[in-house]
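Printed here is model-v5.txt (compact mmCIF, C-alpha atoms):
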```txt
# COMPACT_ATOMS: atom_id res chain seq x y z
CA MET A 142 138.30 -3.62 116.89
CA ARG A 143 139.25 -2.12 113.54
CA PHE A 144 136.68 -0.34 111.34
CA PRO A 145 136.81 -0.84 107.66
CA ARG A 146 138.80 1.96 105.92
CA ILE A 147 135.83 3.01 103.81
CA ALA A 148 133.76 3.50 106.92
CA VAL A 149 136.42 5.79 108.46
CA LEU A 150 136.65 7.90 105.32
CA ALA A 151 132.89 8.20 105.14
CA ALA A 152 132.75 9.31 108.70
CA ALA A 153 135.49 11.90 108.14
CA GLY A 154 133.68 13.19 105.04
CA ALA A 155 130.51 13.57 106.98
CA LEU A 156 132.28 15.67 109.59
CA VAL A 157 133.80 17.90 106.92
CA LEU A 158 130.44 18.36 105.21
CA THR A 159 128.81 19.15 108.51
CA ALA A 160 131.43 21.78 109.31
CA CYS A 161 131.18 23.37 105.81
CA GLY A 162 127.43 23.48 106.06
CA ALA A 163 127.69 25.23 109.38
CA GLU A 164 130.06 27.87 107.95
CA GLU A 165 127.85 28.56 104.91
CA THR A 166 124.80 28.82 107.11
CA ALA A 167 126.55 31.36 109.35
CA GLU A 168 127.70 33.43 106.36
CA ASP A 169 124.32 33.39 104.62
CA ALA A 170 122.31 34.32 107.76
CA PRO A 171 121.11 37.94 107.87
CA ALA A 172 122.89 40.29 110.23
CA PRO A 173 120.99 40.97 113.41
CA ALA A 174 118.85 44.16 113.28
CA PRO A 175 120.42 47.11 115.09
CA ALA A 176 118.87 48.10 118.34
CA PRO A 177 116.32 50.85 117.86
CA ALA A 178 117.66 54.34 118.60
CA PRO A 179 115.96 56.19 121.42
CA GLU A 180 113.09 58.32 120.10
CA GLU A 181 113.83 62.07 119.86
CA GLU A 182 111.14 64.53 120.87
CA ALA A 183 109.71 66.26 117.76
CA GLU A 184 110.38 70.02 117.76
CA GLU A 185 107.25 72.14 117.76
CA PRO A 186 107.05 74.55 114.79
CA ALA A 187 107.98 78.10 115.72
CA ASP A 188 105.03 80.46 116.23
CA PRO A 189 105.30 83.18 113.55
CA ARG A 190 104.01 85.64 116.14
CA ASP A 191 107.34 85.30 117.94
CA ALA A 192 108.73 87.74 115.35
CA TRP A 193 105.99 90.30 116.07
CA PRO A 194 106.70 93.35 118.24
CA ASP A 195 105.77 93.13 121.91
CA GLU A 196 103.62 96.25 121.54
CA LEU A 197 102.03 98.24 118.72
CA VAL A 198 101.32 101.98 118.68
CA PHE A 199 98.28 103.13 116.70
CA THR A 200 98.60 106.80 115.67
CA LEU A 201 95.59 108.78 114.52
CA THR A 202 95.24 111.99 112.53
CA PRO A 203 94.01 114.90 114.70
CA SER A 204 91.28 115.98 112.27
CA ALA A 205 89.13 116.88 115.28
CA GLU A 206 89.70 117.72 118.95
CA ALA A 207 92.42 115.39 120.24
CA GLY A 208 90.78 114.55 123.57
CA GLY A 209 87.66 113.23 121.90
CA LEU A 210 89.72 111.20 119.45
CA ILE A 211 91.67 109.51 122.23
CA GLU A 212 88.47 108.64 124.10
CA THR A 213 87.19 106.82 121.02
CA ALA A 214 90.57 105.45 119.96
CA GLU A 215 91.16 103.66 123.26
CA PRO A 216 88.26 101.20 122.91
CA LEU A 217 89.10 100.81 119.21
CA GLY A 218 92.67 99.99 120.21
CA ALA A 219 91.32 97.41 122.66
CA LEU A 220 89.38 95.70 119.85
CA LEU A 221 92.50 95.72 117.69
CA GLU A 222 94.51 94.27 120.57
CA ALA A 223 91.97 91.47 121.00
CA GLU A 224 92.17 90.59 117.30
CA LEU A 225 95.99 90.63 117.13
CA GLY A 226 96.90 89.35 120.59
CA VAL A 227 99.42 92.19 120.97
CA PRO A 228 99.03 95.25 123.24
CA VAL A 229 97.95 98.33 121.23
CA THR A 230 98.45 101.91 122.46
CA PRO A 231 96.63 104.83 120.74
CA LEU A 232 98.57 108.02 119.97
CA VAL A 233 97.19 111.34 118.68
CA PRO A 234 99.97 113.80 117.72
CA SER A 235 99.40 117.54 117.81
CA ASP A 236 99.25 117.93 114.03
CA TYR A 237 99.04 116.04 110.74
CA ALA A 238 102.81 116.05 110.22
CA GLY A 239 103.27 114.32 113.59
CA VAL A 240 101.45 111.25 112.33
CA ILE A 241 103.90 110.80 109.44
CA ALA A 242 106.84 111.52 111.73
CA ALA A 243 105.66 108.84 114.17
CA LEU A 244 105.50 106.26 111.36
CA ALA A 245 108.86 107.29 109.88
CA SER A 246 110.67 107.18 113.25
CA GLY A 247 109.23 103.83 114.33
CA GLN A 248 107.34 105.48 117.19
CA ALA A 249 104.11 104.12 115.67
CA GLN A 250 103.43 101.02 113.57
CA ILE A 251 99.77 101.58 112.58
CA ALA A 252 98.12 104.78 111.36
CA GLY A 253 94.46 105.63 110.87
CA GLY A 254 92.41 108.54 109.59
CA LEU A 255 95.18 109.36 107.12
CA GLY A 256 93.97 112.01 104.70
CA PRO A 257 94.81 111.50 101.02
CA ARG A 258 98.00 113.58 101.20
CA GLN A 259 99.02 111.66 104.33
CA MET A 260 98.46 108.35 102.58
CA VAL A 261 100.93 109.43 99.91
CA GLN A 262 103.36 110.82 102.52
CA ALA A 263 103.09 107.68 104.64
CA GLU A 264 104.13 105.57 101.68
CA GLU A 265 106.78 107.86 100.20
CA GLN A 266 108.27 109.43 103.32
CA ALA A 267 107.76 106.73 105.95
CA GLY A 268 107.91 103.57 103.80
CA ALA A 269 104.48 102.52 105.06
CA ARG A 270 102.14 100.01 103.42
CA LEU A 271 98.70 101.34 102.45
CA LEU A 272 96.04 98.93 103.70
CA LEU A 273 92.47 100.19 103.60
CA GLN A 274 90.34 103.14 102.53
CA ALA A 275 87.29 104.54 104.29
CA GLU A 276 83.88 104.29 102.68
CA ARG A 277 81.08 106.74 103.48
CA PHE A 278 77.53 106.64 102.13
CA GLY A 279 78.67 103.99 99.66
CA SER A 280 81.37 106.26 98.20
CA LEU A 281 85.17 106.33 98.26
CA LEU A 282 85.20 110.04 97.38
CA TYR A 283 84.52 113.28 99.25
CA VAL A 284 84.96 117.03 98.69
CA THR A 285 86.26 120.23 100.20
CA GLN A 286 83.29 122.17 101.51
CA TRP A 287 83.33 126.00 101.37
CA PHE A 288 81.17 127.73 104.00
CA THR A 289 80.60 131.29 105.18
CA ASN A 290 78.84 133.44 107.75
CA ASP A 291 78.29 136.04 104.99
CA PRO A 292 75.84 134.52 102.50
CA ASP A 293 74.99 137.93 101.03
CA THR A 294 78.48 138.04 99.52
CA PHE A 295 78.93 134.42 98.46
CA CYS A 296 75.43 133.23 97.52
CA ASP A 297 73.69 133.95 94.22
CA ASP A 298 70.36 132.76 95.58
CA GLU A 299 68.47 132.44 98.84
CA PRO A 300 70.01 129.68 100.98
CA VAL A 301 67.86 126.55 101.24
CA ALA A 302 67.79 124.02 104.07
CA ASP A 303 68.19 120.27 103.90
CA GLU A 304 66.12 117.88 106.04
CA ASP A 305 68.35 118.64 109.05
CA GLY A 306 68.00 122.40 108.70
CA TYR A 307 71.52 122.93 107.32
CA LEU A 308 71.69 125.77 104.78
CA PHE A 309 73.18 125.63 101.27
CA CYS A 310 73.25 127.93 98.27
CA ASN A 311 74.54 128.07 94.68
CA GLY A 312 72.98 124.69 93.93
CA VAL A 313 75.15 122.68 96.34
CA LEU A 314 72.11 121.02 97.88
CA ASP A 315 71.19 119.60 94.46
CA ALA A 316 74.50 117.71 94.17
CA GLN A 317 74.10 113.93 94.22
CA ASP A 318 77.69 112.95 95.01
CA ALA A 319 81.29 114.19 95.00
CA SER A 320 81.59 113.85 91.24
CA ASP A 321 79.16 116.78 90.85
CA GLY A 322 81.88 119.18 92.06
CA PRO A 323 83.30 121.69 91.66
CA ILE A 324 80.39 123.97 92.55
CA GLY A 325 80.51 127.69 93.30
CA ALA A 326 84.08 128.12 92.05
CA ASP A 327 83.07 131.45 90.47
CA LYS A 328 82.69 132.87 94.00
CA LEU A 329 86.26 132.18 95.05
CA PRO A 330 87.74 135.42 93.64
CA LEU A 331 85.56 137.23 96.22
CA ILE A 332 87.68 135.71 99.00
CA ALA A 333 90.59 138.05 98.19
CA GLY A 334 91.14 140.33 101.19
CA LYS A 335 88.90 138.20 103.44
CA ARG A 336 89.74 136.28 106.61
CA MET A 337 89.86 132.57 105.87
CA SER A 338 90.12 129.46 108.04
CA PHE A 339 92.06 126.44 106.76
CA VAL A 340 92.40 123.18 108.71
CA ASP A 341 96.08 122.14 108.72
CA GLN A 342 98.90 122.49 106.23
CA GLY A 343 98.96 118.71 105.86
CA SER A 344 95.23 118.42 105.21
CA THR A 345 94.03 117.64 101.69
CA SER A 346 90.49 118.97 101.86
CA GLY A 347 91.41 121.51 104.52
CA TYR A 348 94.32 123.15 102.69
CA ALA A 349 95.85 121.61 99.55
CA ILE A 350 92.67 121.42 97.45
CA PRO A 351 91.26 124.83 98.47
CA ALA A 352 94.67 126.47 98.06
CA LEU A 353 94.85 125.12 94.52
CA GLN A 354 91.29 126.29 93.83
CA LEU A 355 92.17 129.78 95.07
CA LEU A 356 95.26 129.89 92.87
CA GLU A 357 93.19 128.84 89.86
CA ALA A 358 90.74 131.64 90.74
CA GLY A 359 93.56 134.18 90.78
CA VAL A 360 93.80 134.47 94.56
CA ASP A 361 97.14 133.79 96.25
CA PRO A 362 96.36 131.65 99.35
CA ILE A 363 99.28 133.22 101.19
CA ASP A 364 99.44 136.88 100.17
CA ASP A 365 95.90 137.74 99.04
CA ILE A 366 93.96 136.59 102.10
CA GLU A 367 94.23 136.71 105.85
CA GLY A 368 94.60 132.98 106.37
CA ARG A 369 94.80 130.92 109.52
CA PHE A 370 95.18 127.22 110.36
CA ALA A 371 92.55 126.11 112.85
CA GLY A 372 94.13 122.69 113.50
CA GLY A 373 91.09 120.49 112.87
CA HIS A 374 87.97 120.40 110.71
CA ASP A 375 85.75 121.09 113.71
CA ALA A 376 87.98 124.00 114.72
CA SER A 377 87.77 125.46 111.21
CA VAL A 378 83.97 125.39 111.41
CA GLN A 379 84.12 126.90 114.88
CA ALA A 380 86.34 129.77 113.70
CA VAL A 381 83.79 130.89 111.10
CA TYR A 382 80.89 130.33 113.48
CA ASP A 383 82.61 132.52 116.09
CA GLY A 384 83.28 135.25 113.51
CA ASP A 385 87.06 134.86 113.61
CA ALA A 386 87.00 134.17 109.85
CA ASP A 387 84.62 135.06 107.03
CA VAL A 388 85.08 131.87 105.03
CA GLY A 389 86.25 128.40 105.97
CA VAL A 390 86.88 124.97 104.50
CA SER A 391 86.44 121.44 105.79
CA TYR A 392 85.30 118.03 104.64
CA ASN A 393 81.58 117.71 103.94
CA ASP A 394 79.63 118.21 106.21
CA ALA A 395 81.86 119.05 109.16
CA ARG A 396 79.34 121.54 110.53
CA SER A 397 77.81 118.62 112.43
CA THR A 398 81.01 118.27 114.51
CA ILE A 399 80.14 121.34 116.60
CA GLU A 400 76.35 120.94 116.59
CA GLU A 401 76.29 119.67 120.17
CA THR A 402 77.76 122.92 121.51
CA SER A 403 76.46 125.18 118.73
CA PRO A 404 73.06 123.78 117.73
CA ASP A 405 72.33 126.58 115.24
CA VAL A 406 75.55 126.04 113.25
CA GLY A 407 73.61 124.75 110.24
CA GLU A 408 71.70 128.03 110.07
CA GLN A 409 74.56 130.39 110.84
CA LEU A 410 77.02 128.88 108.36
CA VAL A 411 75.98 128.45 104.73
CA VAL A 412 77.78 126.07 102.39
CA PHE A 413 78.28 127.91 99.10
CA GLY A 414 80.72 125.67 97.23
CA TRP A 415 82.32 122.27 96.71
CA SER A 416 85.62 121.20 95.23
CA GLY A 417 85.98 118.37 92.75
CA PRO A 418 86.11 114.77 94.07
CA ILE A 419 88.92 113.65 96.42
CA PRO A 420 89.78 110.03 97.39
CA ASN A 421 88.80 109.18 100.96
CA ASP A 422 91.20 108.78 103.87
CA GLY A 423 92.52 105.42 105.03
CA PHE A 424 94.77 103.19 107.13
CA ALA A 425 98.43 102.18 106.77
CA ALA A 426 101.02 100.06 108.57
CA ALA A 427 104.78 100.38 108.92
CA GLY A 428 106.45 98.71 105.95
CA ASP A 429 109.11 96.96 108.05
CA LEU A 430 106.59 94.88 110.02
CA PRO A 431 106.47 91.11 109.29
CA GLU A 432 104.27 90.36 106.29
CA ASP A 433 101.95 88.13 108.31
CA LEU A 434 101.45 90.91 110.87
CA ILE A 435 100.61 93.46 108.17
CA ALA A 436 98.05 91.02 106.77
CA ALA A 437 96.68 90.42 110.28
CA ILE A 438 96.31 94.18 110.92
CA GLU A 439 94.38 94.64 107.68
CA ALA A 440 92.13 91.66 108.46
CA ALA A 441 91.59 92.93 112.01
CA PHE A 442 90.29 96.31 110.83
CA VAL A 443 87.92 94.61 108.39
CA THR A 444 86.61 92.31 111.14
CA ILE A 445 86.22 95.23 113.55
CA SER A 446 84.35 97.30 110.96
CA GLN A 447 81.85 94.48 110.52
CA SER A 448 81.09 94.17 114.23
CA GLU A 449 78.43 96.28 115.92
CA GLU A 450 80.80 97.80 118.47
CA GLY A 451 83.60 98.36 115.96
CA ALA A 452 81.32 99.96 113.38
CA ALA A 453 80.02 102.38 116.03
CA LEU A 454 83.56 103.35 117.05
CA LEU A 455 84.75 103.92 113.48
CA SER A 456 81.66 106.01 112.82
CA GLU A 457 82.26 108.10 115.93
CA LEU A 458 85.97 108.43 115.22
CA TYR A 459 85.98 109.43 111.53
CA SER A 460 82.38 108.91 110.31
CA ILE A 461 83.51 105.69 108.59
CA ASP A 462 80.80 103.34 107.33
CA ALA A 463 83.09 100.59 106.03
CA VAL A 464 86.69 99.91 105.02
CA VAL A 465 87.86 98.44 101.71
CA PRO A 466 91.27 97.39 100.32
CA VAL A 467 93.18 100.19 98.65
CA ALA A 468 95.95 100.43 96.04
CA SER A 469 98.71 103.01 95.93
CA SER A 470 97.57 104.05 92.45
CA ASP A 471 94.23 105.19 93.91
CA PHE A 472 96.08 108.26 95.17
CA ASP A 473 97.85 109.21 91.92
CA VAL A 474 95.45 112.16 91.67
CA ILE A 475 96.94 113.45 94.93
CA ARG A 476 100.47 113.06 93.61
CA ASP A 477 99.47 115.16 90.60
CA LEU A 478 97.91 117.71 92.94
CA GLU A 479 101.12 117.98 94.98
CA GLU A 480 103.08 118.65 91.80
CA GLN A 481 100.65 121.32 90.61
CA LEU A 482 100.54 123.01 94.01
CA GLY A 483 104.33 122.95 94.28
CA ASP A 484 104.70 124.55 90.88
CA LEU A 485 102.14 127.27 91.64
CA LEU A 486 103.48 128.09 95.09
CA GLY A 487 107.09 127.90 93.89
```

Now, as a test, write the supplied structure out as structure tokens.
Amino acid sequence: MRFPRIAVLAAAGALVLTACGAEETAEDAPAPAPAPAPEEEAEEPADPRDAWPDELVFTLTPSAEAGGLIETAEPLGALLEAELGVPVTPLVPSDYAGVIAALASGQAQIAGGLGPRQMVQAEEQAGARLLLQAERFGSLLYVTQWFTNDPDTFCDDEPVADEDGYLFCNGVLDAQDASDGPIGADKLPLIAGKRMSFVDQGSTSGYAIPALQLLEAGVDPIDDIEGRFAGGHDASVQAVYDGDADVGVSYNDARSTIEETSPDVGEQLVVFGWSGPIPNDGFAAAGDLPEDLIAAIEAAFVTISQSEEGAALLSELYSIDAVVPVASSDFDVIRDLEEQLGDLLG
């Protein structure tokens, strides 16, 4: 049977259209979505403490008998260790210079009880960062205290006792705070030819300030007196109490440091003079420590000082009531002192 020609052509056209439609549909269809890649485990952020040292050494100024300092420093180090999460080992060198040497050499990373001169030396010689300053009785200042076992020579008036029975003369007891100094400076020329007890060559109140005061009074602290370095403030008091020196210097009032073994020290030694005001001691950290660790050390000391146990330890260690942030410029007066003393001593 033969189909009409038009019917054949129509059928062929339909096939062509069907095929073209299939091709266009295939081309216009979206490409299949790629298979999802296997999930990668997210990397945990690195702990910044990984860059911290495995151990920290906390060096302390030997302003008093080293054994007693270590006994108090060990529990303080334990509190610091608990705050930082890093083992802390206390270290008390034999002298003031040893503290700066420990910081400069990397043997220690934290320093406490740094006298004003040491704060400057820690920054300038050891590259340390000054962190905090001690506060006592609401003040950031203290004085050099001049005391003697010979009040007849150094007192203009009869010594008077404070509420604890400690004797003073020349109006020292009437002083309200460190800014009332200097007091009794007119008595310093009488020290010429006497035996005198200093603390340590690196001590501000125990050597630098009194040496400058003597020079200003016309007394050479090297050639005009029989001087000695006792090693600590308590030892300087002890030397005068024992009669090994006629006059001594210390921070105020270091007589209490030997009261347990010498209960009459406040009666036997009379304070006859004060220096002008001196900025209090403080704390520093090695400058090459990670910034976050330095900040953590500063915060740790503040936290410790505000706790009952920590406050008791700081009080026992250096008679510290509180700690406050400090600036390098707070010790410019000490830098000026160093320059004056260097010029006068040659």

Distance table requested - stretch 191-300 of chain A against stretch 462-477 of chain A, cut-off 12 Å, all atoms listed in the file: one row per qualifying residue with the closest atom pair and its distance in Å to one decimal, ordered by chain and rising residue number, as a tab-separated table.
```
residue	atom	partner	partner_atom	distance
A:Gly253	CA	A:Val464	CA	11.3
A:Gly254	CA	A:Val464	CA	11.3
A:Gly256	CA	A:Ile475	CA	10.3
A:Pro257	CA	A:Ile475	CA	6.7
A:Arg258	CA	A:Ile475	CA	6.4
A:Gln259	CA	A:Ile475	CA	9.8
A:Met260	CA	A:Phe472	CA	7.8
A:Val261	CA	A:Phe472	CA	6.9
A:Gln262	CA	A:Arg476	CA	9.6
A:Ala263	CA	A:Ser469	CA	10.8
A:Glu264	CA	A:Ser469	CA	8.3
A:Glu265	CA	A:Ser469	CA	10.3
A:Ala269	CA	A:Ser469	CA	10.8
A:Arg270	CA	A:Ser469	CA	8.8
A:Leu271	CA	A:Ser469	CA	6.7
A:Leu272	CA	A:Val467	CA	5.9
A:Leu273	CA	A:Pro466	CA	4.5
A:Gln274	CA	A:Val465	CA	5.4
A:Ala275	CA	A:Val464	CA	4.7
A:Glu276	CA	A:Ala463	CA	5.1
A:Arg277	CA	A:Asp462	CA	5.1
A:Phe278	CA	A:Asp462	CA	7.0
A:Gly279	CA	A:Asp462	CA	8.0
A:Ser280	CA	A:Asp462	CA	9.6
A:Leu281	CA	A:Val465	CA	9.0
A:Leu282	CA	A:Asp471	CA	10.8
```

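With all atoms listed in the file as the atoms that count, the residue of A:Leu308, A:Val360, A:Ala453, A:Val340 with the shortest distance to A:Val411 is A:Leu308.
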
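Between atom CA of A:Asp195 and atom CA of A:Gly239 lies a distance of 22.9 Å.
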
>> I want to know what sits within 9 Å of A:Ala238, based on all atoms listed in the file, with residues of the same chain fewer than 4 positions away left out; could you give that as an MDAnalysis selection string?
In response: chainID A and resid 202 234 242:243 259 342:343

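Between A:Ile251 and the candidates A:Leu197, A:Ala436, A:Ile419, A:Leu329, the tightest atom-to-atom separation, counting only C-alpha atoms, involves A:Leu197.
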
Show me the residues close to (83.8, 135.8, 98.6) - anything with an atom within 12 Å, counting only C-alpha atoms - and format the list as a short mmCIF file (atom, residue, chain, number, x, y, z; two decimals) with C-alpha atoms, in the frame of the given file.
```
data_model
loop_
_atom_site.label_atom_id
_atom_site.label_comp_id
_atom_site.auth_asym_id
_atom_site.auth_seq_id
_atom_site.Cartn_x
_atom_site.Cartn_y
_atom_site.Cartn_z
CA TRP A 287 83.33 126.00 101.37
CA PHE A 288 81.17 127.73 104.00
CA THR A 289 80.60 131.29 105.18
CA ASN A 290 78.84 133.44 107.75
CA ASP A 291 78.29 136.04 104.99
CA PRO A 292 75.84 134.52 102.50
CA ASP A 293 74.99 137.93 101.03
CA THR A 294 78.48 138.04 99.52
CA PHE A 295 78.93 134.42 98.46
CA CYS A 296 75.43 133.23 97.52
CA ASP A 297 73.69 133.95 94.22
CA GLY A 325 80.51 127.69 93.30
CA ALA A 326 84.08 128.12 92.05
CA ASP A 327 83.07 131.45 90.47
CA LYS A 328 82.69 132.87 94.00
CA LEU A 329 86.26 132.18 95.05
CA PRO A 330 87.74 135.42 93.64
CA LEU A 331 85.56 137.23 96.22
CA ILE A 332 87.68 135.71 99.00
CA ALA A 333 90.59 138.05 98.19
CA GLY A 334 91.14 140.33 101.19
CA LYS A 335 88.90 138.20 103.44
CA ARG A 336 89.74 136.28 106.61
CA MET A 337 89.86 132.57 105.87
CA LEU A 355 92.17 129.78 95.07
CA ALA A 358 90.74 131.64 90.74
CA VAL A 360 93.80 134.47 94.56
CA ILE A 366 93.96 136.59 102.10
CA ALA A 386 87.00 134.17 109.85
CA ASP A 387 84.62 135.06 107.03
CA VAL A 388 85.08 131.87 105.03
CA GLY A 389 86.25 128.40 105.97
CA PHE A 413 78.28 127.91 99.10
CA GLY A 414 80.72 125.67 97.23
#
```

Sorted per-residue table, stretch 301-398 of chain A near stretch 422-425 of chain A, closest atoms and distance, 12 Å, only C-alpha atoms, as JSON lines:
```
{"residue": "A:Ser344", "atom": "CA", "partner": "A:Asp422", "partner_atom": "CA", "distance": 10.5}
{"residue": "A:Thr345", "atom": "CA", "partner": "A:Asp422", "partner_atom": "CA", "distance": 9.6}
{"residue": "A:Ser346", "atom": "CA", "partner": "A:Asp422", "partner_atom": "CA", "distance": 10.4}
{"residue": "A:Tyr392", "atom": "CA", "partner": "A:Asp422", "partner_atom": "CA", "distance": 11.0}
```

Write the residues of the preceding selection, restricted to C-alpha atoms, as an mmCIF file, in the frame of the given file.
```
data_model
loop_
_atom_site.group_PDB
_atom_site.id
_atom_site.type_symbol
_atom_site.label_atom_id
_atom_site.label_comp_id
_atom_site.auth_asym_id
_atom_site.auth_seq_id
_atom_site.Cartn_x
_atom_site.Cartn_y
_atom_site.Cartn_z
ATOM 1 C CA SER A 344 95.230 118.420 105.210
ATOM 2 C CA THR A 345 94.030 117.640 101.690
ATOM 3 C CA SER A 346 90.490 118.970 101.860
ATOM 4 C CA TYR A 392 85.300 118.030 104.640
#
```

>> Need the shell around A:Leu478: protein/DNA/RNA residues with any atom at most 9 Å away, counting only C-alpha atoms. Skip same-chain ones fewer than 5 positions apart. Format as a list in words?
In response: Ala349, Ile350, Leu353, Asp473 and Gly483 of chain A

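From atom CA of A:Val233 back to atom CA of A:Gln447, the distance works out to 24.2 Å.
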
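Among the candidate residues A:Asp365, A:Leu221, A:Asn421, A:Ser416, the one lying nearest to A:Ser446 is A:Leu221, with distances computed using all atoms listed in the file.
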
> For A:Gln354, which residue among A:Pro228, A:Pro194, A:Pro323, A:Gly372 is the nearest when counting only C-alpha atoms?
Replying inline: A:Pro323

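Using all atoms listed in the file, the nearest neighbour of A:Tyr382 within the list A:Phe370, A:Gln409, A:Asp364, A:Gly268 is A:Gln409.
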